[in-house]
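Structure record follows, encoded as structure tokens.
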Amino acid sequence: MEQTVIGVPHMHVVRWLFPFTQGLGLGIIAMLLHECGHLVAAICVGVRIKNVGMKWNKGLYTIREKGTPLQNLIVAAAGPFANILLCSTAPWAHMFALANFCYAIANTLPIEGSDGYRIASCWLQLRLPQSSSTQT
């Protein structure tokens with residue numbers, strides 16, 4: 001005999017699928033708001049945005065003009081910072097806050113191509129003395 005829940009066959013599949021699709025949707029929203037953080041920061045520090053797009057293997061991305069190390073640091077940190085701010089929704093939307101927390105942590109890891117890598121690179125450029133050709 002076929003198992004039914006509330007008169008609907010195979011409802012156990014729907015019960016498993018809903019949290020998955022909910023998490024996926026919240027992750028996409030977290031990614032979108034993360035990129036909005038980069039865009040707002042770039043506009044605020046005067047870095048021109050060239051393109052915003054989406055790729056299947058990269059997600060949402062922003063292409064912008066190269067700025068100074070300080071401008072690049074601010075723009076790179078703005079995405080994870082936006083996600084950390086959105087973690088404050090935890091009392092009202094704990095799954096949304098968790099999605100933002102996970103996205104912020106994953107993006108601040110210093111892996112090549114990530115925001116964390118760009119933050120570390122810009123920080124080193126700002127902290128290390130620049131070599132000058134006028135020194136003897």
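Chain labels run A, B, ... following the order of the structure tokens; each chain numbers its residues from 1, and ligands are numbered from 1 in the order shown.
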
**Report entry** Residue neighbourhood A:Asp115, 10 Å, only C-alpha atoms, exclusion window fewer than 3 positions, as number ranges by chain
**Finding:** A: 73, 75-80, 104, 106-112, 118-121

Requested in this report: Please provide as JSON, numbers by chain all residues within 10 Å of stretch 69-72 of chain A, with the sequence filter that same-chain residues fewer than 6 positions apart are discarded (counting only C-alpha atoms).
Outcome: {"A": [38, 41, 42, 44, 45, 46, 47, 78, 118, 119, 121, 122, 123, 124, 125, 126]}

Can you spit out the residues from that selection as an mmCIF file, in the first residue's frame, using N, CA and C atoms?
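Full text of again27.cif as output:
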data_model
loop_
_atom_site.group_PDB
_atom_site.id
_atom_site.type_symbol
_atom_site.label_atom_id
_atom_site.label_comp_id
_atom_site.auth_asym_id
_atom_site.auth_seq_id
_atom_site.Cartn_x
_atom_site.Cartn_y
_atom_site.Cartn_z
ATOM 1 N N HIS A 38 29.165 45.475 -2.295
ATOM 2 C CA HIS A 38 30.310 45.872 -3.119
ATOM 3 C C HIS A 38 29.963 47.081 -3.994
ATOM 4 N N ALA A 41 29.640 50.347 -1.957
ATOM 5 C CA ALA A 41 30.969 50.796 -1.516
ATOM 6 C C ALA A 41 31.762 51.373 -2.679
ATOM 7 N N ALA A 42 31.711 50.728 -3.829
ATOM 8 C CA ALA A 42 32.445 51.227 -4.997
ATOM 9 C C ALA A 42 31.954 52.616 -5.392
ATOM 10 N N CYS A 44 30.487 54.785 -3.410
ATOM 11 C CA CYS A 44 30.843 55.720 -2.333
ATOM 12 C C CYS A 44 32.307 56.150 -2.377
ATOM 13 N N VAL A 45 33.207 55.256 -2.764
ATOM 14 C CA VAL A 45 34.636 55.607 -2.796
ATOM 15 C C VAL A 45 35.087 56.080 -4.173
ATOM 16 N N GLY A 46 34.160 56.145 -5.139
ATOM 17 C CA GLY A 46 34.485 56.700 -6.437
ATOM 18 C C GLY A 46 35.117 55.742 -7.429
ATOM 19 N N VAL A 47 34.867 54.447 -7.283
ATOM 20 C CA VAL A 47 35.372 53.463 -8.233
ATOM 21 C C VAL A 47 34.251 53.156 -9.223
ATOM 22 N N ALA A 78 33.318 45.348 1.809
ATOM 23 C CA ALA A 78 31.910 45.758 1.899
ATOM 24 C C ALA A 78 30.937 44.603 1.704
ATOM 25 N N ARG A 118 41.467 39.294 -1.534
ATOM 26 C CA ARG A 118 41.638 40.696 -1.945
ATOM 27 C C ARG A 118 41.851 41.600 -0.736
ATOM 28 N N ILE A 119 41.158 41.331 0.347
ATOM 29 C CA ILE A 119 41.337 42.129 1.566
ATOM 30 C C ILE A 119 42.769 41.981 2.079
ATOM 31 N N SER A 121 45.436 41.031 0.403
ATOM 32 C CA SER A 121 46.355 41.607 -0.571
ATOM 33 C C SER A 121 46.403 43.129 -0.445
ATOM 34 N N CYS A 122 45.251 43.757 -0.344
ATOM 35 C CA CYS A 122 45.204 45.214 -0.196
ATOM 36 C C CYS A 122 45.812 45.650 1.130
ATOM 37 N N TRP A 123 45.543 44.893 2.171
ATOM 38 C CA TRP A 123 46.092 45.213 3.491
ATOM 39 C C TRP A 123 47.618 45.163 3.448
ATOM 40 N N LEU A 124 48.176 44.151 2.807
ATOM 41 C CA LEU A 124 49.635 44.052 2.680
ATOM 42 C C LEU A 124 50.197 45.214 1.866
ATOM 43 N N GLN A 125 49.506 45.595 0.806
ATOM 44 C CA GLN A 125 49.961 46.733 0.003
ATOM 45 C C GLN A 125 49.978 48.017 0.821
ATOM 46 N N LEU A 126 49.014 48.171 1.705
ATOM 47 C CA LEU A 126 48.959 49.372 2.545
ATOM 48 C C LEU A 126 49.998 49.340 3.673
#

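With only C-alpha atoms taken into account, the protein and nucleic acid residues at most 12 Å from A:Met54 (excluding it and anything under 4 positions from it in its own chain) are Ile28, Met31, Leu32, Glu35, Lys58, Gly59, Leu60, Tyr61, Thr62 and Ile63 of chain A.
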
Can you write out the residues you just picked, keeping C-alpha atoms, as a short mmCIF file (atom, residue, chain, number, x, y, z; two decimals), in the first residue's frame?
data_model
loop_
_atom_site.label_atom_id
_atom_site.label_comp_id
_atom_site.auth_asym_id
_atom_site.auth_seq_id
_atom_site.Cartn_x
_atom_site.Cartn_y
_atom_site.Cartn_z
CA ILE A 28 20.89 33.48 -3.55
CA MET A 31 24.69 36.55 -2.54
CA LEU A 32 22.68 39.34 -4.18
CA GLU A 35 27.16 42.09 -4.30
CA LYS A 58 31.02 32.05 -10.23
CA GLY A 59 27.63 33.30 -9.10
CA LEU A 60 27.08 37.03 -9.14
CA TYR A 61 30.13 39.13 -9.84
CA THR A 62 31.16 42.75 -10.32
CA ILE A 63 33.77 44.09 -12.72
#

Report task. Compile the contact shell of stretch 87-97 of chain A as a VMD selection string: residues with an atom at most 8 Å away, counting only C-alpha atoms, same-chain residues fewer than 5 positions apart removed. Result -> chain A and resid 23 26 to 27 30

Store the residues picked out above, limited to C-alpha atoms, as a CSV table (one decimal), in the first residue's frame.
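Generated output (again36.csv):
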chain,number,residue,atom,x,y,z
A,23,GLY,CA,18.1,27.4,1.8
A,26,LEU,CA,18.1,32.4,1.0
A,27,GLY,CA,21.6,31.8,-0.2
A,30,ALA,CA,22.5,36.6,0.6

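The residues of stretch 1-135 of chain A that DSSP classifies as strand (DSSP E), using the backbone of this structure, are Thr4, Val5, Val8, Pro9, Ile49, Lys50, Asn51, Val52, Gly53, Met54, Lys55, Gly59, Leu60, Tyr61, Thr62, Ile63 and Arg64 of chain A.
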
C-alpha atoms of the current selection, written as an mmCIF file, in the first residue's frame:
data_model
loop_
_atom_site.group_PDB
_atom_site.id
_atom_site.type_symbol
_atom_site.label_atom_id
_atom_site.label_comp_id
_atom_site.auth_asym_id
_atom_site.auth_seq_id
_atom_site.Cartn_x
_atom_site.Cartn_y
_atom_site.Cartn_z
ATOM 1 C CA THR A 4 0.267 9.073 2.030
ATOM 2 C CA VAL A 5 0.538 12.131 4.213
ATOM 3 C CA VAL A 8 -0.888 13.357 -0.878
ATOM 4 C CA PRO A 9 1.315 10.475 -2.009
ATOM 5 C CA ILE A 49 31.524 49.913 -12.098
ATOM 6 C CA LYS A 50 32.050 48.371 -15.545
ATOM 7 C CA ASN A 51 29.776 45.331 -15.407
ATOM 8 C CA VAL A 52 27.642 43.225 -13.074
ATOM 9 C CA GLY A 53 26.808 39.700 -14.142
ATOM 10 C CA MET A 54 26.117 36.135 -13.191
ATOM 11 C CA LYS A 55 27.903 32.935 -14.204
ATOM 12 C CA GLY A 59 27.631 33.295 -9.098
ATOM 13 C CA LEU A 60 27.078 37.031 -9.139
ATOM 14 C CA TYR A 61 30.128 39.129 -9.838
ATOM 15 C CA THR A 62 31.155 42.755 -10.324
ATOM 16 C CA ILE A 63 33.772 44.086 -12.717
ATOM 17 C CA ARG A 64 35.075 47.516 -11.810
#

Requested in this report: Report the residues of stretch 37-90 of chain A whose backbone DSSP state falls under helix (DSSP H, G or I), written as a ChimeraX atom specification.
Outcome: /A:37-45,69-89
